[in-house]
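Visitor: Below is the file coords.cif, which contains mmCIF, C-alpha atoms and all ligand atoms.
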```cif
data_target
loop_
_atom_site.label_atom_id
_atom_site.label_comp_id
_atom_site.auth_asym_id
_atom_site.auth_seq_id
_atom_site.Cartn_x
_atom_site.Cartn_y
_atom_site.Cartn_z
CA MET A 1 0.49 -13.15 14.36
CA SER A 2 2.84 -14.19 11.56
CA GLU A 3 1.62 -13.17 8.14
CA ASP A 4 3.17 -12.93 4.70
CA ILE A 5 3.32 -9.43 3.26
CA GLU A 6 0.24 -8.92 1.08
CA ARG A 7 -1.75 -6.16 -0.60
CA VAL A 8 -5.01 -5.43 1.23
CA LEU A 9 -7.93 -3.34 -0.04
CA VAL A 10 -9.69 -1.35 2.69
CA THR A 11 -12.99 0.09 1.48
CA GLY A 12 -13.98 2.99 3.70
CA GLY A 13 -10.30 3.31 4.64
CA ALA A 14 -10.54 7.08 5.21
CA GLY A 15 -13.24 6.61 7.85
CA PHE A 16 -12.95 6.27 11.60
CA ILE A 17 -12.39 2.50 11.89
CA GLY A 18 -10.98 2.10 8.37
CA SER A 19 -8.16 4.60 8.92
CA HIS A 20 -7.10 2.81 12.12
CA LEU A 21 -7.06 -0.44 10.15
CA VAL A 22 -4.86 1.21 7.50
CA ASP A 23 -2.44 2.28 10.29
CA ARG A 24 -2.38 -1.26 11.62
CA LEU A 25 -1.89 -3.04 8.28
CA LEU A 26 0.94 -0.71 7.24
CA ALA A 27 2.54 -1.20 10.66
CA SER A 28 2.35 -4.98 10.04
CA GLY A 29 4.28 -4.43 6.79
CA HIS A 30 1.44 -4.85 4.29
CA GLN A 31 0.65 -2.78 1.21
CA VAL A 32 -2.75 -1.08 1.38
CA VAL A 33 -5.22 0.23 -1.19
CA VAL A 34 -7.89 2.55 0.22
CA LEU A 35 -11.10 2.94 -1.74
CA ASP A 36 -13.28 5.72 -0.35
CA ASP A 37 -15.64 8.37 -1.70
CA PHE A 38 -14.84 10.68 1.24
CA SER A 39 -18.53 11.18 1.97
CA SER A 40 -17.96 10.78 5.72
CA GLY A 41 -14.27 9.79 5.66
CA LYS A 42 -11.54 12.42 5.80
CA ARG A 43 -8.20 12.77 4.01
CA GLU A 44 -6.65 13.93 7.28
CA ASN A 45 -7.41 10.50 8.83
CA ILE A 46 -4.75 8.95 6.57
CA ALA A 47 -2.56 12.02 6.00
CA GLN A 48 0.10 10.58 8.35
CA HIS A 49 0.95 8.11 5.55
CA THR A 50 1.46 10.71 2.82
CA GLY A 51 4.61 9.76 0.90
CA ASP A 52 4.44 6.08 1.94
CA ALA A 53 4.63 4.26 -1.41
CA ARG A 54 2.93 1.21 0.11
CA LEU A 55 -0.37 3.13 0.34
CA LEU A 56 -2.54 3.86 -2.69
CA VAL A 57 -5.68 5.95 -2.22
CA ILE A 58 -8.48 5.68 -4.79
CA GLU A 59 -11.44 8.03 -4.64
CA ALA A 60 -14.42 6.05 -5.90
CA ASP A 61 -17.93 4.90 -5.06
CA VAL A 62 -17.96 1.33 -3.70
CA ALA A 63 -21.38 0.89 -5.30
CA GLY A 64 -20.06 2.05 -8.69
CA ASP A 65 -17.81 0.46 -11.32
CA LEU A 66 -15.17 -1.37 -9.26
CA ASP A 67 -13.39 -2.74 -12.33
CA ALA A 68 -12.72 0.79 -13.50
CA ALA A 69 -11.63 1.82 -10.00
CA LEU A 70 -9.46 -1.16 -9.06
CA ASP A 71 -8.23 -3.10 -12.08
CA THR A 72 -5.21 -0.89 -12.86
CA ALA A 73 -4.03 -1.08 -9.25
CA HIS A 74 -4.67 -4.82 -9.16
CA ALA A 75 -2.76 -5.40 -12.41
CA ALA A 76 0.26 -3.52 -11.02
CA SER A 77 0.33 -5.59 -7.81
CA PRO A 78 -2.46 -8.05 -6.94
CA ILE A 79 -4.89 -7.27 -4.14
CA THR A 80 -5.16 -10.51 -2.17
CA ARG A 81 -7.45 -9.58 0.74
CA VAL A 82 -10.31 -7.13 1.22
CA ALA A 83 -11.66 -5.44 4.36
CA HIS A 84 -15.06 -4.05 3.38
CA LEU A 85 -15.98 -1.16 5.66
CA ALA A 86 -17.38 1.44 3.26
CA ALA A 87 -20.97 2.17 4.21
CA LYS A 88 -23.54 4.76 5.04
CA VAL A 89 -23.46 4.47 8.83
CA SER A 90 -26.50 6.47 9.88
CA VAL A 91 -29.56 4.50 10.96
CA VAL A 92 -31.64 7.68 10.81
CA ALA A 93 -30.48 8.41 7.23
CA SER A 94 -31.33 4.82 6.28
CA LEU A 95 -34.91 5.37 7.45
CA GLU A 96 -35.12 8.64 5.50
CA ASP A 97 -33.56 7.27 2.29
CA PRO A 98 -33.75 3.46 2.34
CA LEU A 99 -33.01 3.18 -1.39
CA GLU A 100 -29.68 4.95 -1.03
CA ASP A 101 -28.86 2.69 1.94
CA LEU A 102 -29.76 -0.33 -0.22
CA ARG A 103 -27.58 0.96 -3.09
CA VAL A 104 -24.48 1.57 -0.96
CA ASN A 105 -24.77 -0.88 1.92
CA ALA A 106 -26.19 -3.98 0.22
CA GLY A 107 -25.28 -3.10 -3.39
CA GLY A 108 -21.76 -2.02 -2.41
CA THR A 109 -21.19 -5.31 -0.60
CA LEU A 110 -22.37 -7.28 -3.61
CA ARG A 111 -20.06 -5.35 -5.93
CA VAL A 112 -17.11 -5.98 -3.61
CA LEU A 113 -17.95 -9.70 -3.50
CA GLU A 114 -18.29 -9.91 -7.29
CA TRP A 115 -14.96 -8.15 -7.79
CA ALA A 116 -13.30 -10.38 -5.16
CA ARG A 117 -14.72 -13.55 -6.74
CA ARG A 118 -13.48 -12.63 -10.20
CA HIS A 119 -10.02 -11.79 -8.89
CA ALA A 120 -9.65 -14.87 -6.66
CA VAL A 121 -9.20 -12.83 -3.47
CA ARG A 122 -8.07 -14.94 -0.51
CA LYS A 123 -10.41 -13.37 2.08
CA VAL A 124 -13.11 -10.73 2.32
CA ALA A 125 -13.75 -9.47 5.87
CA PHE A 126 -16.90 -7.43 6.39
CA ALA A 127 -17.89 -4.81 8.98
CA SER A 128 -21.38 -5.83 10.04
CA SER A 129 -23.15 -4.48 13.07
CA ALA A 130 -25.09 -5.51 16.16
CA ALA A 131 -27.91 -3.52 14.47
CA VAL A 132 -28.78 -6.83 12.74
CA TYR A 133 -30.27 -8.06 16.04
CA GLY A 134 -32.81 -5.27 16.53
CA ASP A 135 -34.42 -5.04 19.95
CA VAL A 136 -33.35 -8.49 21.04
CA ALA A 137 -34.67 -10.27 24.14
CA GLU A 138 -31.44 -12.08 25.02
CA VAL A 139 -28.73 -9.77 26.43
CA PRO A 140 -25.78 -10.41 26.28
CA THR A 141 -26.59 -11.56 22.76
CA PRO A 142 -25.01 -14.61 21.10
CA GLU A 143 -24.72 -14.83 17.32
CA ARG A 144 -27.44 -17.50 17.16
CA ALA A 145 -30.05 -15.02 18.49
CA PRO A 146 -32.81 -14.25 15.99
CA CYS A 147 -32.12 -11.25 13.76
CA ALA A 148 -34.98 -8.75 13.59
CA PRO A 149 -33.36 -5.50 12.43
CA ILE A 150 -35.48 -2.37 12.92
CA SER A 151 -33.91 -0.15 10.24
CA PRO A 152 -32.98 -0.43 6.56
CA TYR A 153 -29.37 -0.10 7.77
CA GLY A 154 -29.75 -3.24 9.93
CA ILE A 155 -31.56 -5.10 7.16
CA HIS A 156 -28.81 -4.30 4.63
CA LYS A 157 -26.06 -5.31 7.08
CA ARG A 158 -27.90 -8.60 7.58
CA SER A 159 -28.36 -9.21 3.85
CA SER A 160 -24.68 -8.38 3.32
CA GLU A 161 -23.77 -11.06 5.88
CA ARG A 162 -25.95 -13.52 4.00
CA TYR A 163 -24.25 -12.60 0.72
CA LEU A 164 -20.84 -13.19 2.30
CA ALA A 165 -21.96 -16.63 3.51
CA LEU A 166 -23.45 -17.39 0.08
CA TYR A 167 -20.27 -16.47 -1.77
CA ALA A 168 -18.27 -18.67 0.59
CA GLU A 169 -20.65 -21.59 0.09
CA VAL A 170 -21.49 -21.30 -3.60
CA HIS A 171 -18.38 -19.68 -5.08
CA GLY A 172 -15.75 -20.87 -2.60
CA LEU A 173 -14.72 -17.25 -1.90
CA PRO A 174 -13.40 -17.14 1.70
CA THR A 175 -15.37 -14.55 3.70
CA THR A 176 -15.76 -13.52 7.35
CA SER A 177 -18.48 -11.25 8.77
CA LEU A 178 -17.80 -9.42 12.03
CA ARG A 179 -20.62 -7.81 14.01
CA PHE A 180 -19.22 -4.74 15.73
CA LEU A 181 -20.79 -3.46 18.92
CA ASN A 182 -20.31 0.24 19.85
CA VAL A 183 -16.83 1.15 18.63
CA PHE A 184 -15.09 4.20 20.12
CA GLY A 185 -11.75 5.93 19.90
CA PRO A 186 -9.82 8.84 18.37
CA ARG A 187 -11.09 10.25 15.01
CA GLN A 188 -14.67 9.30 15.77
CA ASP A 189 -17.17 11.83 14.56
CA ALA A 190 -19.32 13.24 17.35
CA SER A 191 -22.35 12.65 15.12
CA SER A 192 -21.69 8.89 15.06
CA PRO A 193 -24.82 7.00 16.10
CA TYR A 194 -22.65 4.39 17.80
CA SER A 195 -20.36 6.05 20.29
CA GLY A 196 -20.62 9.68 19.27
CA VAL A 197 -21.79 10.16 22.85
CA ILE A 198 -18.20 9.55 23.99
CA SER A 199 -16.80 12.22 21.66
CA ILE A 200 -19.55 14.60 22.81
CA PHE A 201 -18.86 13.93 26.51
CA PHE A 202 -15.14 14.53 25.88
CA GLU A 203 -15.74 17.80 24.02
CA ARG A 204 -18.10 19.12 26.69
CA ALA A 205 -15.97 18.03 29.65
CA ARG A 206 -12.90 19.65 28.10
CA ALA A 207 -14.87 22.86 27.64
CA GLY A 208 -16.00 22.69 31.30
CA LEU A 209 -19.65 22.20 30.29
CA PRO A 210 -22.15 19.89 32.02
CA LEU A 211 -22.78 16.49 30.42
CA THR A 212 -26.29 15.70 29.21
CA VAL A 213 -27.69 12.20 29.55
CA TYR A 214 -30.96 11.39 27.78
CA GLY A 215 -33.54 9.49 29.83
CA ASP A 216 -32.57 7.80 33.10
CA GLY A 217 -29.09 6.93 31.77
CA GLU A 218 -29.51 3.26 32.64
CA GLN A 219 -29.53 2.18 28.98
CA THR A 220 -26.42 0.06 28.38
CA ARG A 221 -23.99 -0.41 25.50
CA ASP A 222 -20.99 -2.64 24.83
CA PHE A 223 -18.26 -0.05 24.13
CA VAL A 224 -15.31 -1.61 22.30
CA TYR A 225 -12.09 0.32 21.66
CA VAL A 226 -11.08 0.83 18.02
CA ALA A 227 -7.65 -0.83 18.45
CA ASP A 228 -9.44 -4.00 19.53
CA VAL A 229 -11.73 -3.81 16.50
CA THR A 230 -8.81 -3.46 14.07
CA ASP A 231 -7.14 -6.39 15.83
CA ALA A 232 -10.28 -8.47 15.16
CA LEU A 233 -10.35 -7.27 11.53
CA GLU A 234 -6.70 -8.18 10.92
CA ARG A 235 -7.29 -11.61 12.47
CA ALA A 236 -10.37 -12.09 10.27
CA LEU A 237 -8.49 -11.00 7.13
CA PHE A 238 -5.83 -13.64 7.71
CA SER A 239 -8.09 -16.33 9.21
CA SER A 240 -8.68 -19.72 7.65
CA PRO A 241 -11.44 -20.07 5.01
CA ASP A 242 -13.71 -21.96 7.42
CA VAL A 243 -14.07 -18.90 9.70
CA VAL A 244 -17.17 -17.43 8.07
CA GLY A 245 -18.99 -16.00 11.09
CA PRO A 246 -20.87 -13.84 11.75
CA LEU A 247 -18.82 -13.20 14.89
CA ASN A 248 -19.61 -10.58 17.54
CA VAL A 249 -16.79 -8.12 18.21
CA GLY A 250 -17.33 -6.48 21.58
CA THR A 251 -16.15 -6.68 25.17
CA GLY A 252 -19.03 -8.70 26.60
CA VAL A 253 -19.50 -5.94 29.21
CA GLY A 254 -22.50 -3.61 29.24
CA THR A 255 -21.86 -0.05 30.45
CA SER A 256 -24.69 2.33 31.29
CA VAL A 257 -24.58 5.89 29.98
CA ASN A 258 -24.46 7.07 33.63
CA GLN A 259 -21.35 4.91 34.19
CA LEU A 260 -19.87 6.22 30.96
CA ALA A 261 -20.36 9.87 32.02
CA ALA A 262 -18.73 9.12 35.39
CA ALA A 263 -15.81 7.34 33.68
CA VAL A 264 -15.17 10.24 31.25
CA LEU A 265 -15.15 12.73 34.15
CA GLU A 266 -12.83 10.47 36.17
CA VAL A 267 -10.36 9.95 33.31
CA LEU A 268 -10.27 13.71 32.59
CA GLY A 269 -10.11 14.57 36.30
CA ALA A 270 -13.11 16.87 35.81
CA GLN A 271 -15.87 17.64 38.29
CA LEU A 272 -18.90 18.64 36.31
CA GLU A 273 -22.65 18.28 36.60
CA VAL A 274 -24.38 15.40 34.78
CA ARG A 275 -27.84 16.58 33.68
CA HIS A 276 -30.72 14.40 32.57
CA ASP A 277 -32.91 15.36 29.64
CA GLU A 278 -35.98 13.76 28.07
CA ALA A 279 -35.37 10.27 26.61
CA ARG A 280 -34.98 10.06 22.85
CA GLY A 281 -37.40 7.70 21.12
CA GLY A 282 -36.49 4.59 19.17
CA GLU A 283 -33.43 3.69 21.25
CA ILE A 284 -32.64 0.11 22.09
CA ARG A 285 -32.51 -0.26 25.88
CA HIS A 286 -29.69 -2.76 26.27
CA SER A 287 -26.99 -3.96 23.90
CA CYS A 288 -24.13 -6.27 24.78
CA ALA A 289 -22.51 -9.21 23.00
CA VAL A 290 -21.50 -12.74 23.89
CA VAL A 291 -17.92 -12.79 22.62
CA ASP A 292 -16.92 -16.46 22.97
CA ALA A 293 -17.14 -17.33 19.25
CA ALA A 294 -14.59 -14.68 18.18
CA ALA A 295 -12.32 -15.88 21.00
CA GLN A 296 -12.57 -19.48 19.82
CA GLN A 297 -12.38 -18.90 16.08
CA LEU A 298 -10.07 -15.87 15.85
CA GLY A 299 -8.26 -15.94 19.21
CA PHE A 300 -9.68 -12.44 19.70
CA HIS A 301 -10.08 -10.87 23.15
CA ALA A 302 -10.84 -7.20 23.69
CA GLY A 303 -7.80 -5.90 25.57
CA TYR A 304 -9.08 -2.42 26.40
CA GLU A 305 -11.60 -2.03 29.19
CA LEU A 306 -13.53 1.23 28.97
CA LYS A 307 -11.33 3.50 31.11
CA ARG A 308 -8.15 2.35 29.39
CA GLY A 309 -9.67 3.20 26.01
CA LEU A 310 -10.89 6.57 27.29
CA ALA A 311 -7.41 7.32 28.68
CA GLU A 312 -5.91 6.66 25.23
CA MET A 313 -8.19 9.35 23.81
CA ILE A 314 -6.86 12.09 26.09
CA ASP A 315 -3.57 12.64 24.28
CA VAL A 316 -5.07 12.72 20.83
N1 LIG A 401 -18.59 2.82 14.55
C1 LIG A 401 -19.26 1.77 15.03
O1 LIG A 401 -19.46 1.65 16.25
C2 LIG A 401 -19.73 0.68 14.10
C3 LIG A 401 -20.54 -0.34 14.65
C4 LIG A 401 -21.00 -1.36 13.80
C5 LIG A 401 -20.63 -1.37 12.47
N2 LIG A 401 -19.86 -0.35 11.97
C6 LIG A 401 -19.49 -0.42 10.55
O2 LIG A 401 -18.08 -0.20 10.43
C7 LIG A 401 -17.81 0.45 9.18
C8 LIG A 401 -16.97 1.69 9.43
O3 LIG A 401 -17.74 2.60 10.22
P1 LIG A 401 -17.12 3.93 10.85
O4 LIG A 401 -17.69 4.09 12.20
O5 LIG A 401 -15.65 3.95 10.66
O6 LIG A 401 -17.84 5.04 9.93
P2 LIG A 401 -17.23 6.12 8.92
O7 LIG A 401 -18.39 6.90 8.39
O8 LIG A 401 -16.13 6.88 9.58
O9 LIG A 401 -16.61 5.20 7.78
C9 LIG A 401 -17.32 4.83 6.61
C10 LIG A 401 -16.42 5.13 5.43
O10 LIG A 401 -17.06 4.67 4.24
C11 LIG A 401 -16.94 5.69 3.26
N3 LIG A 401 -18.06 5.56 2.31
C12 LIG A 401 -19.37 5.77 2.54
N4 LIG A 401 -20.08 5.57 1.41
C13 LIG A 401 -19.19 5.18 0.46
C14 LIG A 401 -19.31 4.85 -0.91
N5 LIG A 401 -20.51 4.84 -1.55
N6 LIG A 401 -18.19 4.54 -1.60
C15 LIG A 401 -16.98 4.55 -1.00
N7 LIG A 401 -16.81 4.88 0.30
C16 LIG A 401 -17.90 5.20 1.02
C17 LIG A 401 -16.97 7.00 4.03
O11 LIG A 401 -16.43 8.10 3.31
C18 LIG A 401 -16.15 6.62 5.25
O12 LIG A 401 -14.77 6.83 5.02
C19 LIG A 401 -19.15 0.72 8.53
O13 LIG A 401 -19.44 -0.33 7.62
C20 LIG A 401 -20.14 0.66 9.70
O14 LIG A 401 -21.44 0.31 9.28
C21 LIG A 401 -19.41 0.67 12.75
#
```
The structure given in the file should be rewritten as structure tokens.
Ligand SMILES: NC(=O)c1ccc[n+]([C@@H]2O[C@H](COP(=O)([O-])OP(=O)(O)OC[C@H]3O[C@@H](n4cnc5c(N)ncnc54)[C@H](O)[C@@H]3O)[C@@H](O)[C@H]2O)c1
Guide:
Amino acid sequence: MSEDIERVLVTGGAGFIGSHLVDRLLASGHQVVVLDDFSSGKRENIAQHTGDARLLVIEADVAGDLDAALDTAHAASPITRVAHLAAKVSVVASLEDPLEDLRVNAGGTLRVLEWARRHAVRKVAFASSAAVYGDVAEVPTPERAPCAPISPYGIHKRSSERYLALYAEVHGLPTTSLRFLNVFGPRQDASSPYSGVISIFFERARAGLPLTVYGDGEQTRDFVYVADVTDALERALFSSPDVVGPLNVGTGVGTSVNQLAAAVLEVLGAQLEVRHDEARGGEIRHSCAVVDAAAQQLGFHAGYELKRGLAEMIDV
């Protein structure tokens, strides 16, 4: 990809995916502004860039006063593109406190879009989620499938997508929504609802403990490695204004939790028992994406199949 050097705002840049995007953008030569309230993100995720004058870190609430947070930085050197990843990521928390999810996940998106519109940003790329689909009948799922989210989190991701499309249409602000499947990789919190299971399997296998699978283990997920997701984000950030999406970002391959447990043990060379425990309620049975649209519109192809991604996690 050939890109001019620009200044990119990454909201949620101290989080799991956001910090990998910061690594990638700096490696591509860009300047980066991170805006994060460090509620789930960690300073250590971006500590490797301490002393790099191209990185500015701002501690602020994305659903607060963005003018106060960003205008000084913008005046010094204009922010030209925005990757909006800051969010409350827990589906369970969104059910317990839907108003806070609304404030941060829908309200935060709207504030980012308003700020971007007023400052003539060249592209806003947004981290949406396959949670917008709900318990969908068609698997693998194409973007045209009906959206019937079953949590406030999914509803607010969907309304954020609609806001991005609206700002593109009505205000001419270039936007792209990406729907991530189950992202995994180094720095992921074991409590992550998405692929925390991978971090947990790793921790237990390394400690020589048996792995626990809930239910029959035949539930499937589309596990996509974080380096592929940041590749898709960088492509979206620098894509043409007519790439609005939403675009699925996954591998197009469903992996069962039983297969995942076997793959973790294989990659670690461990021989441990895999136990089955009672199924947890409210889980979607199958989730997997059709990935043709991102291939066509962004030239994106997930390069890491599951075991290659797992192998990358060993040395970290
Ligand atoms: N991990 C996945 O598999 C996955 C799947 C689909 C979508 N997503 C989306 O990708 C994005 C990144 O997720 P992640 O897995 O890296 O989670 P994460 O929790 O590591 O990252 C979220 C970041 O947002 C920050 N944040 C939260 N509330 C904020 C606020 N009010 N103001 C400023 N910053 C705030 C957190 O401190 C954190 O750094 C999120 O928008 C999430 O919904 C993730």
Visitor: Please work out which residues fall within 12 Å of (-12.6, 1.6, 26.3), coordinates as given in the file, with only C-alpha atoms counting, and return them as a ChimeraX atom specification.
Guide: /A:182-186,195,198,221-229,250-251,253-255,260,263-264,267,302-314
Visitor: With 7 Å as the cut-off and only C-alpha atoms and all ligand atoms counted, what is the closest atom pair between each nearby residue of chain A and ligand LIG 401 (chain A)? Distances in Å to one decimal, ordered by chain and number, as JSON lines.
Guide:
```
{"residue": "A:Thr11", "atom": "CA", "partner": "A:LIG401", "partner_atom": "N7", "distance": 6.2}
{"residue": "A:Gly12", "atom": "CA", "partner": "A:LIG401", "partner_atom": "O10", "distance": 3.5}
{"residue": "A:Gly13", "atom": "CA", "partner": "A:LIG401", "partner_atom": "O12", "distance": 5.7}
{"residue": "A:Ala14", "atom": "CA", "partner": "A:LIG401", "partner_atom": "O12", "distance": 4.2}
{"residue": "A:Gly15", "atom": "CA", "partner": "A:LIG401", "partner_atom": "O12", "distance": 3.2}
{"residue": "A:Phe16", "atom": "CA", "partner": "A:LIG401", "partner_atom": "O5", "distance": 3.7}
{"residue": "A:Ile17", "atom": "CA", "partner": "A:LIG401", "partner_atom": "O5", "distance": 3.8}
{"residue": "A:Gly18", "atom": "CA", "partner": "A:LIG401", "partner_atom": "O5", "distance": 5.5}
{"residue": "A:Leu35", "atom": "CA", "partner": "A:LIG401", "partner_atom": "C15", "distance": 6.1}
{"residue": "A:Asp36", "atom": "CA", "partner": "A:LIG401", "partner_atom": "N7", "distance": 3.7}
{"residue": "A:Asp37", "atom": "CA", "partner": "A:LIG401", "partner_atom": "C15", "distance": 4.1}
{"residue": "A:Phe38", "atom": "CA", "partner": "A:LIG401", "partner_atom": "O11", "distance": 3.7}
{"residue": "A:Ser39", "atom": "CA", "partner": "A:LIG401", "partner_atom": "O11", "distance": 4.0}
{"residue": "A:Ser40", "atom": "CA", "partner": "A:LIG401", "partner_atom": "O11", "distance": 3.9}
{"residue": "A:Gly41", "atom": "CA", "partner": "A:LIG401", "partner_atom": "O12", "distance": 3.1}
{"residue": "A:Lys42", "atom": "CA", "partner": "A:LIG401", "partner_atom": "O12", "distance": 6.5}
{"residue": "A:Ala60", "atom": "CA", "partner": "A:LIG401", "partner_atom": "C15", "distance": 5.7}
{"residue": "A:Asp61", "atom": "CA", "partner": "A:LIG401", "partner_atom": "N6", "distance": 3.5}
{"residue": "A:Val62", "atom": "CA", "partner": "A:LIG401", "partner_atom": "N6", "distance": 3.8}
{"residue": "A:Ala63", "atom": "CA", "partner": "A:LIG401", "partner_atom": "N5", "distance": 5.5}
{"residue": "A:Leu85", "atom": "CA", "partner": "A:LIG401", "partner_atom": "O13", "distance": 4.1}
{"residue": "A:Ala86", "atom": "CA", "partner": "A:LIG401", "partner_atom": "O10", "distance": 3.4}
{"residue": "A:Ala87", "atom": "CA", "partner": "A:LIG401", "partner_atom": "C12", "distance": 4.3}
{"residue": "A:Lys88", "atom": "CA", "partner": "A:LIG401", "partner_atom": "C12", "distance": 5.0}
{"residue": "A:Val89", "atom": "CA", "partner": "A:LIG401", "partner_atom": "O14", "distance": 4.6}
{"residue": "A:Val104", "atom": "CA", "partner": "A:LIG401", "partner_atom": "N5", "distance": 5.2}
{"residue": "A:Ala127", "atom": "CA", "partner": "A:LIG401", "partner_atom": "O2", "distance": 4.8}
{"residue": "A:Ser128", "atom": "CA", "partner": "A:LIG401", "partner_atom": "C5", "distance": 5.1}
{"residue": "A:Ser129", "atom": "CA", "partner": "A:LIG401", "partner_atom": "C4", "distance": 3.9}
{"residue": "A:Ala130", "atom": "CA", "partner": "A:LIG401", "partner_atom": "C4", "distance": 6.3}
{"residue": "A:Arg179", "atom": "CA", "partner": "A:LIG401", "partner_atom": "C4", "distance": 6.5}
{"residue": "A:Phe180", "atom": "CA", "partner": "A:LIG401", "partner_atom": "C4", "distance": 4.3}
{"residue": "A:Leu181", "atom": "CA", "partner": "A:LIG401", "partner_atom": "C3", "distance": 5.3}
{"residue": "A:Asn182", "atom": "CA", "partner": "A:LIG401", "partner_atom": "O1", "distance": 4.0}
{"residue": "A:Val183", "atom": "CA", "partner": "A:LIG401", "partner_atom": "O1", "distance": 3.6}
{"residue": "A:Phe184", "atom": "CA", "partner": "A:LIG401", "partner_atom": "O1", "distance": 6.4}
{"residue": "A:Gln188", "atom": "CA", "partner": "A:LIG401", "partner_atom": "O8", "distance": 6.8}
{"residue": "A:Ser192", "atom": "CA", "partner": "A:LIG401", "partner_atom": "N1", "distance": 6.8}
{"residue": "A:Tyr194", "atom": "CA", "partner": "A:LIG401", "partner_atom": "O1", "distance": 4.5}
{"residue": "A:Ser195", "atom": "CA", "partner": "A:LIG401", "partner_atom": "O1", "distance": 6.0}
```
Visitor: Could you jot down the CA of Tyr163 in chain A to CA of Tyr133 in chain A separation for me, Å, one decimal place?
Guide: 17.1 Å
Visitor: Determine the nearest neighbour of His20 in chain A from the options A:Ser240, A:Glu234, A:Phe300, A:Pro174, counting all atoms listed in the file.
Guide: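 Of A:Ser240, A:Glu234, A:Phe300, A:Pro174, the one nearest His20 in chain A is A:Glu234, counting all atoms listed in the file.
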Visitor: Tell me which protein, DNA and RNA residues are within 9 Å of Glu273 in chain A, counting all atoms listed in the file, leaving out same-chain ones fewer than 4 positions away, and put them as an NGL selection string.
Guide: :A and (209-212)
Visitor: At what distance in Å, to one decimal, does CA of Ser90 in chain A lie from CA of Thr141 in chain A?
Guide: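 Computing the Euclidean distance for CA of Thr141 in chain A and CA of Ser90 in chain A yields 22.2 Å.
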Visitor: How far is it from CA of Ser287 in chain A to CA of Val139 in chain A, in Å with one decimal?
Guide: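 Atom-to-atom, CA of Ser287 in chain A and CA of Val139 in chain A are spaced 6.6 Å apart.
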Visitor: Residues at most 10 Å from Arg285 in chain A, counting only C-alpha atoms, excluding those fewer than 6 positions away in the same chain, as a PyMOL selection string?
Guide: chain A and resi 135-136+217-221+256
Visitor: Near Glu143 in chain A, counting all atoms listed in the file, which residues have an atom at most 7 Å away, once you skip same-chain residues fewer than 5 positions from it, shown as an mmCIF file with C-alpha atoms, in the frame of the given file?
Guide:
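See out-v2.cif below for the written result:
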```cif
data_model
loop_
_atom_site.group_PDB
_atom_site.id
_atom_site.type_symbol
_atom_site.label_atom_id
_atom_site.label_comp_id
_atom_site.auth_asym_id
_atom_site.auth_seq_id
_atom_site.Cartn_x
_atom_site.Cartn_y
_atom_site.Cartn_z
ATOM 1 C CA PRO A 246 -20.870 -13.840 11.750
ATOM 2 C CA LEU A 247 -18.820 -13.200 14.890
ATOM 3 C CA ASN A 248 -19.610 -10.580 17.540
#
```
Visitor: Considering only C-alpha atoms, can you say which of A:His301, A:Ala236, A:Ala261, A:Pro146 comes closest to Val197 in chain A?
Guide: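 Ranked by minimum distance to Val197 in chain A, first place goes to A:Ala261.
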Visitor: Dig up all the protein and nucleic acid residues within 12 Å of (3.6, 7.3, 6.7) in the file frame, using only C-alpha atoms, and format them as a list in words.
Guide: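 The residues near that point, listed by chain and number, are Val22, Asp23, Arg24, Leu25, Leu26, Ala27, Gly29, Gln31, Val32, Asn45, Ile46, Ala47, Gln48, His49, Thr50, Gly51, Asp52, Ala53, Arg54, Leu55 and Leu56 of chain A.
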Visitor: Kindly indicate which residue among A:Ala279, A:Leu272, A:Ile58, A:Leu66 lies nearest to Arg111 in chain A, using all atoms listed in the file for the distances.
Guide: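 Among the listed residues, A:Leu66 lies closest to Arg111 in chain A.
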Visitor: Check the smallest atom-to-atom distance from each of A:Pro98, A:Gly245, A:Gly64, A:Gly299 to Thr176 in chain A using only C-alpha atoms, then report the winner.
Guide: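 Looking only at the distances to Thr176 in chain A, the closest residue turns out to be A:Gly245.
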Visitor: Nearest residue to Ala116 in chain A out of A:Ala168, A:Val91, A:Ile200, A:Ala137, using only C-alpha atoms?
Guide: A:Ala168
Visitor: With distances taken over all atoms listed in the file, which residue among A:Gly252, A:Glu266, A:Gln297, A:Trp115 lies nearest Pro140 in chain A?
Guide: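 Residue with the minimum atom-to-atom distance to Pro140 in chain A: A:Gly252.
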Visitor: Would you list the contacts of Glu6 in chain A as a list in words, taking every protein, DNA or RNA residue within 9 Å and counting all atoms listed in the file, but skipping same-chain residues closer than 2 positions in sequence?
Guide: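 Near neighbours after the sequence-gap exclusion: Glu3, Asp4, Val8, Gly29, His30, Gln31, Val32, Pro78, Ile79, Thr80 and Arg81 of chain A.
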Visitor: Write a file of the just-selected residues containing C-alpha atoms, as a PDB file, in the frame of the given file.
Guide:
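Result went into part.pdb, see below:
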```pdb
ATOM      1  CA  GLU A   3       1.620 -13.170   8.140  1.00  0.00           C
ATOM      2  CA  ASP A   4       3.170 -12.930   4.700  1.00  0.00           C
ATOM      3  CA  VAL A   8      -5.010  -5.430   1.230  1.00  0.00           C
ATOM      4  CA  GLY A  29       4.280  -4.430   6.790  1.00  0.00           C
ATOM      5  CA  HIS A  30       1.440  -4.850   4.290  1.00  0.00           C
ATOM      6  CA  GLN A  31       0.650  -2.780   1.210  1.00  0.00           C
ATOM      7  CA  VAL A  32      -2.750  -1.080   1.380  1.00  0.00           C
ATOM      8  CA  PRO A  78      -2.460  -8.050  -6.940  1.00  0.00           C
ATOM      9  CA  ILE A  79      -4.890  -7.270  -4.140  1.00  0.00           C
ATOM     10  CA  THR A  80      -5.160 -10.510  -2.170  1.00  0.00           C
ATOM     11  CA  ARG A  81      -7.450  -9.580   0.740  1.00  0.00           C
TER      12      ARG A  81
END
```
